[in-house]
file target_10.txt (compact mmCIF, C-alpha atoms (C1' of nucleotides))
# COMPACT_ATOMS: atom_id res chain seq x y z
CA MET A 1 3.74 -4.22 -18.19
CA SER A 2 0.35 -4.01 -19.87
CA MET A 3 -2.45 -1.90 -18.46
CA GLU A 4 -5.84 -3.50 -17.98
CA PRO A 5 -9.13 -1.77 -18.86
CA ARG A 6 -11.75 -1.02 -16.25
CA PRO A 7 -13.43 -4.31 -15.32
CA ARG A 8 -17.05 -4.84 -16.30
CA PRO A 9 -19.50 -5.69 -13.52
CA PRO A 10 -19.15 -9.36 -12.59
CA ALA A 11 -21.74 -11.59 -14.26
CA ASP A 12 -22.51 -13.51 -11.11
CA GLU A 13 -21.40 -14.10 -7.57
CA ALA A 14 -18.91 -16.76 -8.56
CA GLN A 15 -17.13 -14.37 -10.88
CA LEU A 16 -17.07 -11.68 -8.21
CA LEU A 17 -15.58 -14.11 -5.73
CA ALA A 18 -13.05 -15.32 -8.31
CA ARG A 19 -11.90 -11.76 -8.99
CA ALA A 20 -11.57 -10.95 -5.30
CA THR A 21 -9.67 -14.17 -4.69
CA GLU A 22 -7.28 -13.34 -7.51
CA LEU A 23 -6.44 -10.04 -5.78
CA ALA A 24 -5.73 -11.70 -2.44
CA GLY A 25 -2.09 -11.61 -1.44
CA ARG A 26 -1.26 -8.62 -3.59
CA PRO A 27 -0.21 -5.21 -2.25
CA VAL A 28 -2.79 -2.58 -3.10
CA ARG A 29 -0.09 -0.67 -4.99
CA THR A 30 0.22 -3.42 -7.57
CA VAL A 31 -3.56 -3.56 -7.91
CA ALA A 32 -3.58 0.19 -8.57
CA GLU A 33 -0.70 -0.05 -11.03
CA ARG A 34 -2.53 -2.72 -12.96
CA PHE A 35 -5.14 -0.12 -13.84
CA GLY A 36 -2.77 2.81 -14.10
CA LEU A 37 -4.10 4.42 -10.93
CA PRO A 38 -1.83 6.46 -8.62
CA THR A 39 -1.30 5.36 -5.01
CA PRO A 40 -1.44 8.15 -2.40
CA ASN A 41 1.37 8.45 0.15
CA ASP A 42 -1.12 8.47 3.01
CA LEU A 43 -4.88 8.52 3.44
CA LYS A 44 -5.28 11.78 5.36
CA ALA A 45 -6.78 13.39 2.30
CA HIS A 46 -7.90 10.15 0.62
CA LYS A 47 -9.74 8.26 3.34
CA GLY A 48 -11.82 6.15 1.02
CA TRP A 49 -9.07 5.37 -1.47
CA VAL A 50 -8.59 1.68 -0.70
CA GLY A 51 -12.32 1.04 -0.84
CA GLN A 52 -12.67 2.85 -4.15
CA LEU A 53 -9.70 0.98 -5.62
CA LEU A 54 -11.28 -2.37 -4.74
CA GLU A 55 -14.63 -1.25 -6.16
CA TYR A 56 -12.89 -0.37 -9.40
CA ALA A 57 -10.87 -3.57 -9.56
CA LEU A 58 -13.90 -5.76 -8.89
CA GLY A 59 -16.15 -3.97 -11.36
CA ALA A 60 -18.52 -2.25 -8.94
CA SER A 61 -20.66 0.56 -10.29
CA ALA A 62 -18.92 3.91 -9.96
CA GLY A 63 -20.16 6.66 -7.76
CA SER A 64 -22.21 6.90 -4.63
CA ARG A 65 -25.75 5.84 -5.26
CA ALA A 66 -27.95 4.57 -2.48
CA GLU A 67 -27.77 1.02 -3.80
CA PRO A 68 -25.63 -2.04 -3.19
CA ASP A 69 -22.28 -1.92 -4.97
CA PHE A 70 -23.37 -4.74 -7.24
CA PRO A 71 -27.09 -4.02 -7.73
CA HIS A 72 -27.74 -6.98 -10.04
CA LEU A 73 -26.23 -9.33 -7.46
CA GLN A 74 -27.66 -7.52 -4.43
CA VAL A 75 -24.18 -7.62 -2.93
CA GLU A 76 -22.55 -4.88 -0.88
CA LEU A 77 -18.75 -4.57 -0.91
CA LYS A 78 -16.91 -3.57 2.24
CA THR A 79 -13.16 -3.25 2.53
CA VAL A 80 -12.07 -3.55 6.12
CA PRO A 81 -8.63 -2.58 7.42
CA VAL A 82 -7.21 -5.38 9.56
CA ASP A 83 -4.00 -6.20 11.42
CA SER A 84 -1.89 -9.29 10.75
CA GLN A 85 -4.29 -11.34 12.89
CA ALA A 86 -7.28 -10.35 10.73
CA VAL A 87 -8.59 -8.14 13.53
CA PRO A 88 -10.39 -5.05 12.17
CA ARG A 89 -8.71 -1.74 12.96
CA GLU A 90 -11.82 0.36 12.39
CA SER A 91 -15.59 0.18 12.52
CA THR A 92 -17.50 -0.31 9.27
CA TYR A 93 -19.88 2.29 7.86
CA VAL A 94 -23.27 0.91 6.83
CA CYS A 95 -25.54 3.75 5.70
CA VAL A 96 -27.03 7.05 6.75
CA CYS A 97 -29.74 6.95 9.37
CA PRO A 98 -33.05 8.60 8.51
CA LEU A 99 -34.07 10.92 11.33
CA ASP A 100 -37.76 11.29 10.54
CA GLY A 101 -40.38 9.28 12.33
CA VAL A 102 -42.27 8.32 9.19
CA THR A 103 -39.31 6.50 7.67
CA LEU A 104 -38.25 4.94 10.96
CA ALA A 105 -41.79 3.68 11.59
CA GLN A 106 -41.42 1.36 8.59
CA GLY A 107 -39.28 -0.83 10.79
CA TRP A 108 -36.11 -2.87 10.64
CA GLU A 109 -37.17 -5.22 7.86
CA ALA A 110 -37.88 -2.31 5.51
CA SER A 111 -34.80 -0.38 6.57
CA TRP A 112 -31.93 0.59 4.41
CA ALA A 113 -29.54 -0.95 6.92
CA ARG A 114 -31.30 -4.32 6.72
CA ARG A 115 -31.09 -4.39 2.94
CA LYS A 116 -27.47 -3.32 2.82
CA LEU A 117 -26.48 -5.99 5.27
CA ALA A 118 -28.38 -8.77 3.49
CA ARG A 119 -25.31 -9.87 1.56
CA VAL A 120 -21.85 -8.43 2.07
CA LEU A 121 -18.51 -9.23 0.51
CA PHE A 122 -15.86 -8.27 3.06
CA VAL A 123 -12.39 -7.77 1.64
CA PRO A 124 -9.86 -7.42 4.44
CA VAL A 125 -6.84 -5.23 3.73
CA VAL A 126 -3.90 -6.09 5.93
CA GLN A 127 -1.96 -3.25 7.45
CA ARG A 128 1.00 -4.21 9.64
CA GLY A 129 2.04 -1.22 11.71
CA ASP A 130 2.47 2.08 9.94
CA GLU A 131 3.70 0.90 6.55
CA PRO A 132 2.92 2.98 3.45
CA VAL A 133 -0.60 2.64 2.08
CA GLY A 134 0.62 0.94 -1.09
CA ASP A 135 2.20 -1.88 0.90
CA ARG A 136 -1.06 -2.93 2.51
CA MET A 137 -2.01 -6.41 1.35
CA VAL A 138 -5.36 -7.49 -0.01
CA GLY A 139 -6.66 -10.39 2.06
CA ALA A 140 -8.90 -13.35 1.28
CA PRO A 141 -12.51 -12.25 0.63
CA VAL A 142 -15.35 -13.28 2.93
CA PHE A 143 -18.92 -13.59 1.74
CA TRP A 144 -21.27 -12.94 4.64
CA GLU A 145 -24.97 -13.18 5.22
CA PRO A 146 -26.23 -12.46 8.71
CA GLY A 147 -27.33 -15.63 10.50
CA PRO A 148 -30.39 -15.78 12.78
CA ASP A 149 -28.41 -14.64 15.80
CA ASP A 150 -26.74 -11.84 13.85
CA LEU A 151 -30.15 -10.65 12.68
CA ARG A 152 -31.55 -10.75 16.17
CA ARG A 153 -28.71 -8.61 17.51
CA LEU A 154 -28.82 -6.19 14.59
CA LYS A 155 -32.58 -5.76 14.88
CA GLN A 156 -32.38 -5.28 18.63
CA ASP A 157 -29.82 -2.49 18.25
CA TRP A 158 -31.69 -0.92 15.35
CA ASP A 159 -34.93 -0.96 17.34
CA GLU A 160 -33.23 0.53 20.38
CA ILE A 161 -31.54 3.31 18.43
CA THR A 162 -34.45 4.25 16.19
CA GLY A 163 -36.88 3.95 19.09
CA ARG A 164 -34.93 6.60 20.96
CA ILE A 165 -34.82 8.82 17.89
CA SER A 166 -38.59 8.53 17.54
CA LEU A 167 -38.93 9.64 21.15
CA GLY A 168 -36.92 12.74 20.34
CA GLU A 169 -33.87 11.57 22.27
CA LEU A 170 -31.37 11.94 19.46
CA ALA A 171 -29.42 14.58 21.35
CA ARG A 172 -28.84 12.09 24.16
CA LEU A 173 -27.92 9.24 21.82
CA ASP A 174 -24.24 8.52 21.34
CA GLY A 175 -21.97 5.87 19.88
CA SER A 176 -22.06 3.77 23.03
CA VAL A 177 -25.59 2.51 22.34
CA GLY A 178 -25.88 -0.85 20.57
CA GLU A 179 -24.10 -4.18 20.88
CA VAL A 180 -23.20 -4.70 17.20
CA LEU A 181 -24.69 -1.67 15.47
CA GLN A 182 -24.04 1.89 16.58
CA LEU A 183 -25.02 5.41 15.55
CA ARG A 184 -22.33 8.01 14.96
CA PRO A 185 -22.02 11.41 13.30
CA LYS A 186 -21.57 11.20 9.57
CA ALA A 187 -20.85 14.47 7.84
CA ALA A 188 -18.26 16.44 5.98
CA ASN A 189 -17.98 18.77 9.01
CA LEU A 190 -19.92 20.26 11.88
CA THR A 191 -21.52 22.94 9.72
CA GLU A 192 -23.73 20.32 8.08
CA THR A 193 -27.04 20.27 9.95
CA THR A 194 -30.70 19.37 9.62
CA TRP A 195 -33.77 19.98 11.81
CA VAL A 196 -35.42 17.31 13.95
CA LEU A 197 -38.07 17.23 16.68
CA ASP A 198 -36.76 16.77 20.22
CA GLY A 199 -38.55 15.22 23.20
CA ASP A 200 -40.53 18.36 23.86
CA ALA A 201 -41.68 18.55 20.25
CA GLU A 202 -39.37 21.49 19.67
CA TRP A 203 -37.40 21.78 16.44
CA VAL A 204 -33.68 21.58 17.08
CA GLN A 205 -30.66 21.49 14.79
CA THR A 206 -28.54 18.35 14.57
CA GLY A 207 -25.92 16.81 12.36
CA PRO A 208 -26.52 13.82 10.10
CA ARG A 209 -25.85 10.36 11.57
CA GLY A 210 -24.82 7.04 10.14
CA PHE A 211 -25.06 3.41 11.22
CA TYR A 212 -21.76 1.61 11.76
CA LEU A 213 -20.89 -2.00 12.52
CA ARG A 214 -18.81 -2.21 15.66
CA ARG A 215 -15.25 -3.41 15.32
CA SER A 216 -16.01 -6.26 17.72
CA PHE A 217 -18.79 -7.48 15.42
CA THR A 218 -16.79 -7.48 12.18
CA ARG A 219 -14.02 -9.11 14.16
CA GLU A 220 -16.44 -11.95 14.97
CA ILE A 221 -17.49 -12.26 11.36
CA LEU A 222 -13.91 -12.53 10.11
CA ALA A 223 -12.99 -14.92 12.90
CA ARG A 224 -15.81 -17.26 11.87
CA ALA A 225 -14.43 -17.25 8.35
CA PHE A 226 -10.76 -17.60 9.15
CA GLY A 227 -10.93 -19.49 12.42
C1' DT B 20 -5.48 1.07 23.45
C1' DG B 21 -10.20 1.42 22.33
C1' DC B 22 -13.86 4.19 21.50
C1' DT B 23 -16.51 8.19 20.03
C1' DG B 24 -16.90 12.14 17.48
C1' DA B 25 -14.96 14.81 13.48
C1' DT B 26 -13.40 14.98 8.99
C1' DC B 27 -11.74 14.35 3.75
C1' DA B 28 -12.55 13.24 -1.38
C1' DT B 29 -15.65 12.03 -5.00
C1' DG B 30 -19.72 11.26 -8.10
C1' DA B 31 -24.56 11.82 -9.49
C1' DT C 17 -26.27 18.61 -1.83
C1' DC C 18 -26.34 14.08 -0.32
C1' DA C 19 -24.67 9.48 0.02
C1' DT C 20 -20.81 6.96 -1.26
C1' DG C 21 -15.90 5.32 0.08
C1' DA C 22 -13.88 5.31 4.95
C1' DT C 23 -9.85 7.05 8.31
C1' DC C 24 -8.30 10.66 11.40
C1' DA C 25 -7.76 12.61 15.92
C1' DG C 26 -8.40 13.22 20.66
C1' DC C 27 -9.77 11.68 25.10
C1' DA C 28 -10.83 8.34 28.83
call {"tool": "encode", "arguments": {"input": "target_10.txt", "output": "structure tokens"}}
result
Amino acid sequence: MSMEPRPRPPADEAQLLARATELAGRPVRTVAERFGLPTPNDLKAHKGWVGQLLEYALGASAGSRAEPDFPHLQVELKTVPVDSQAVPRESTYVCVCPLDGVTLAQGWEASWARRKLARVLFVPVVQRGDEPVGDRMVGAPVFWEPGPDDLRRLKQDWDEITGRISLGELARLDGSVGEVLQLRPKAANLTETTWVLDGDAEWVQTGPRGFYLRRSFTREILARAFG
DNA sequence: TGCTGATCATGA
DNA sequence: TCATGATCAGCA
């Protein structure tokens, strides 16, 4: 068995899609072995492992910069855990949410979330039951661009959420707000805090938040692709 | 079972 | 330290 070198970034979208398609149907363990990477026994201490493996295998830039995974293609890669019916098992992280009014005032079109969601390559990873991580199967990739209705719903949720933040209502904002996009805590732990203005213009401490795509929304997206 | 809130590892 | 990659864990 020969070991392959780290893939270069794909030259274009077609090559990216071709690479992802070639991985489809393979257990993630064999993808890892191809590059000589170890497969963890579980993900308790390696929650992002599958996503990072696929980034590596597809030639995404390493690391965690605030850019799309394939900057030259303006494409964001998202691995999404699904069951045997291609139904997502988890929500999908989008990006951190700025909590200052100046940034939020720039609006949806200028937002980080809007740019990240402009073009997304979803790679489903099929997990049947509680099988070992390595046995999860890479699924067929889905290129997605939000359609007019998707954009309308995303913008509506973004406006609702950021509008409340601007009014100082962050403390009363929870994950139940938003039809397709939601705001949730996003931190290493509860000790991570920043200061924001509340509704009475008082400075209060709060934890960082992130935007997530609801499971029901990514479920729709995959259903459109797979029928 | 689904959802929200909490948490883990890594790289720049 | 912050943003990336997400999944874990507990409760309704």
call {"tool": "residues_around", "arguments": {"input": "target_10.txt", "residues": "A:Trp49", "least_positions_apart": "5", "cutoff": "9 Å", "atoms": "only C-alpha atoms (C1' of nucleotides)", "output": "PyMOL selection string"}}
result
(chain A and resi 39-40+43+54) or (chain B and resi 28) or (chain C and resi 21-22)
call {"tool": "atom_distance", "arguments": {"input": "target_10.txt", "atom1": "atom CA of A:Leu17", "atom2": "atom CA of A:Pro132"}}
result
26.8 Å
call {"tool": "closest_residue", "arguments": {"input": "target_10.txt", "among": "A:Thr21, A:Ser91, A:Asn41, A:Gln205", "to": "chain C", "atoms": "all atoms listed in the file"}}
result
A:Ser91
call {"tool": "interface_residues", "arguments": {"input": "target_10.txt", "of": "chain A", "to": "chain B", "cutoff": "6 Å", "atoms": "only C-alpha atoms (C1' of nucleotides)", "output": "ChimeraX atom specification"}}
result
/A:45-46,63,175,188-189
call {"tool": "residues_near_point", "arguments": {"input": "target_10.txt", "point": "(-15.6, -15.6, -5.9)", "cutoff": "12 Å", "atoms": "all atoms listed in the file", "output": "PyMOL selection string"}}
result
chain A and resi 10-24+58+121-123+140-143
call {"tool": "interface_residues", "arguments": {"input": "target_10.txt", "of": "chain C", "to": "chain A", "cutoff": "10 Å", "atoms": "only C-alpha atoms (C1' of nucleotides)", "output": "number ranges by chain"}}
result
C: 18-24
call {"tool": "atom_distance", "arguments": {"input": "target_10.txt", "atom1": "atom CA of A:Trp158", "atom2": "atom CA of A:Ala118"}}
result
14.6 Å
call {"tool": "residues_around", "arguments": {"input": "target_10.txt", "residues": "stretch 165-173 of chain A", "least_positions_apart": "6", "cutoff": "10 Å", "atoms": "only C-alpha atoms (C1' of nucleotides)", "output": "PyMOL selection string"}}
result
chain A and resi 98-102+104-105+159+182-184+196-207+209
call {"tool": "atom_distance", "arguments": {"input": "target_10.txt", "atom1": "atom CA of A:Ser216", "atom2": "atom CA of A:Trp144"}}
result
15.6 Å
call {"tool": "axis_aligned_box", "arguments": {"input": "target_10.txt", "around": "chain B", "padding_each_side": "6 Å", "output": "lines of an AutoDock Vina configuration file"}}
result
center_x = -15.0
center_y = 8.0
center_z = 7.0
size_x = 31.1
size_y = 25.9
size_z = 44.9
call {"tool": "build_atoms", "arguments": {"input": "target_10.txt", "residues": "stretch 166-177 of chain A", "atoms": "all heavy atoms", "output": "CSV table (one decimal), in the coordinates of the input"}}
result
chain,number,residue,atom,x,y,z
A,166,SER,N,-37.2,8.2,17.7
A,166,SER,CA,-38.6,8.5,17.5
A,166,SER,C,-39.1,9.2,18.8
A,166,SER,O,-40.1,10.0,18.7
A,166,SER,CB,-39.4,7.2,17.3
A,166,SER,OG,-39.0,6.7,16.1
A,167,LEU,N,-38.5,9.0,19.9
A,167,LEU,CA,-38.9,9.6,21.2
A,167,LEU,C,-38.3,11.0,21.3
A,167,LEU,O,-38.5,11.7,22.3
A,167,LEU,CB,-38.5,8.8,22.4
A,167,LEU,CG,-39.3,7.5,22.5
A,167,LEU,CD1,-38.7,6.6,23.7
A,167,LEU,CD2,-40.8,7.7,22.8
A,168,GLY,N,-37.5,11.4,20.3
A,168,GLY,CA,-36.9,12.7,20.3
A,168,GLY,C,-35.7,12.8,21.2
A,168,GLY,O,-35.2,13.9,21.6
A,169,GLU,N,-35.1,11.6,21.4
A,169,GLU,CA,-33.9,11.6,22.3
A,169,GLU,C,-32.6,11.6,21.5
A,169,GLU,O,-31.5,11.2,22.1
A,169,GLU,CB,-34.0,10.3,23.2
A,169,GLU,CG,-35.1,10.4,24.1
A,169,GLU,CD,-35.3,9.1,24.9
A,169,GLU,OE1,-34.5,8.1,24.7
A,169,GLU,OE2,-36.2,9.0,25.7
A,170,LEU,N,-32.6,12.0,20.3
A,170,LEU,CA,-31.4,11.9,19.5
A,170,LEU,C,-30.2,12.7,20.1
A,170,LEU,O,-29.1,12.2,20.1
A,170,LEU,CB,-31.6,12.5,18.1
A,170,LEU,CG,-30.5,12.6,17.1
A,170,LEU,CD1,-29.9,11.1,16.8
A,170,LEU,CD2,-30.8,13.2,15.8
A,171,ALA,N,-30.5,13.8,20.7
A,171,ALA,CA,-29.4,14.6,21.4
A,171,ALA,C,-28.7,13.8,22.5
A,171,ALA,O,-27.6,14.1,22.8
A,171,ALA,CB,-30.0,15.9,21.9
A,172,ARG,N,-29.4,12.8,23.1
A,172,ARG,CA,-28.8,12.1,24.2
A,172,ARG,C,-28.4,10.7,23.7
A,172,ARG,O,-28.1,9.8,24.5
A,172,ARG,CB,-29.8,11.9,25.3
A,172,ARG,CG,-30.1,13.3,26.0
A,172,ARG,CD,-30.9,13.1,27.3
A,172,ARG,NE,-32.3,12.6,27.0
A,172,ARG,CZ,-33.2,13.3,26.5
A,172,ARG,NH1,-33.0,14.6,26.1
A,172,ARG,NH2,-34.4,12.8,26.2
A,173,LEU,N,-28.3,10.5,22.4
A,173,LEU,CA,-27.9,9.2,21.8
A,173,LEU,C,-26.5,9.4,21.4
A,173,LEU,O,-26.1,10.3,20.6
A,173,LEU,CB,-28.8,8.9,20.6
A,173,LEU,CG,-29.6,7.7,20.5
A,173,LEU,CD1,-30.3,7.6,19.2
A,173,LEU,CD2,-28.8,6.5,20.8
A,174,ASP,N,-25.6,8.5,21.8
A,174,ASP,CA,-24.2,8.5,21.3
A,174,ASP,C,-23.8,7.1,20.9
A,174,ASP,O,-24.5,6.2,20.8
A,174,ASP,CB,-23.3,9.1,22.4
A,174,ASP,CG,-23.2,8.2,23.6
A,174,ASP,OD1,-23.5,7.0,23.5
A,174,ASP,OD2,-22.9,8.7,24.7
A,175,GLY,N,-22.5,7.1,20.5
A,175,GLY,CA,-22.0,5.9,19.9
A,175,GLY,C,-21.9,4.7,20.8
A,175,GLY,O,-21.5,3.6,20.4
A,176,SER,N,-22.2,4.9,22.1
A,176,SER,CA,-22.1,3.8,23.0
A,176,SER,C,-23.3,2.9,23.0
A,176,SER,O,-23.2,1.8,23.6
A,176,SER,CB,-21.8,4.3,24.4
A,176,SER,OG,-23.0,5.0,24.9
A,177,VAL,N,-24.4,3.3,22.4
A,177,VAL,CA,-25.6,2.5,22.3
A,177,VAL,C,-25.5,1.5,21.2
A,177,VAL,O,-25.1,1.8,20.1
A,177,VAL,CB,-26.8,3.4,22.1
A,177,VAL,CG1,-28.1,2.6,21.9
A,177,VAL,CG2,-27.0,4.4,23.2
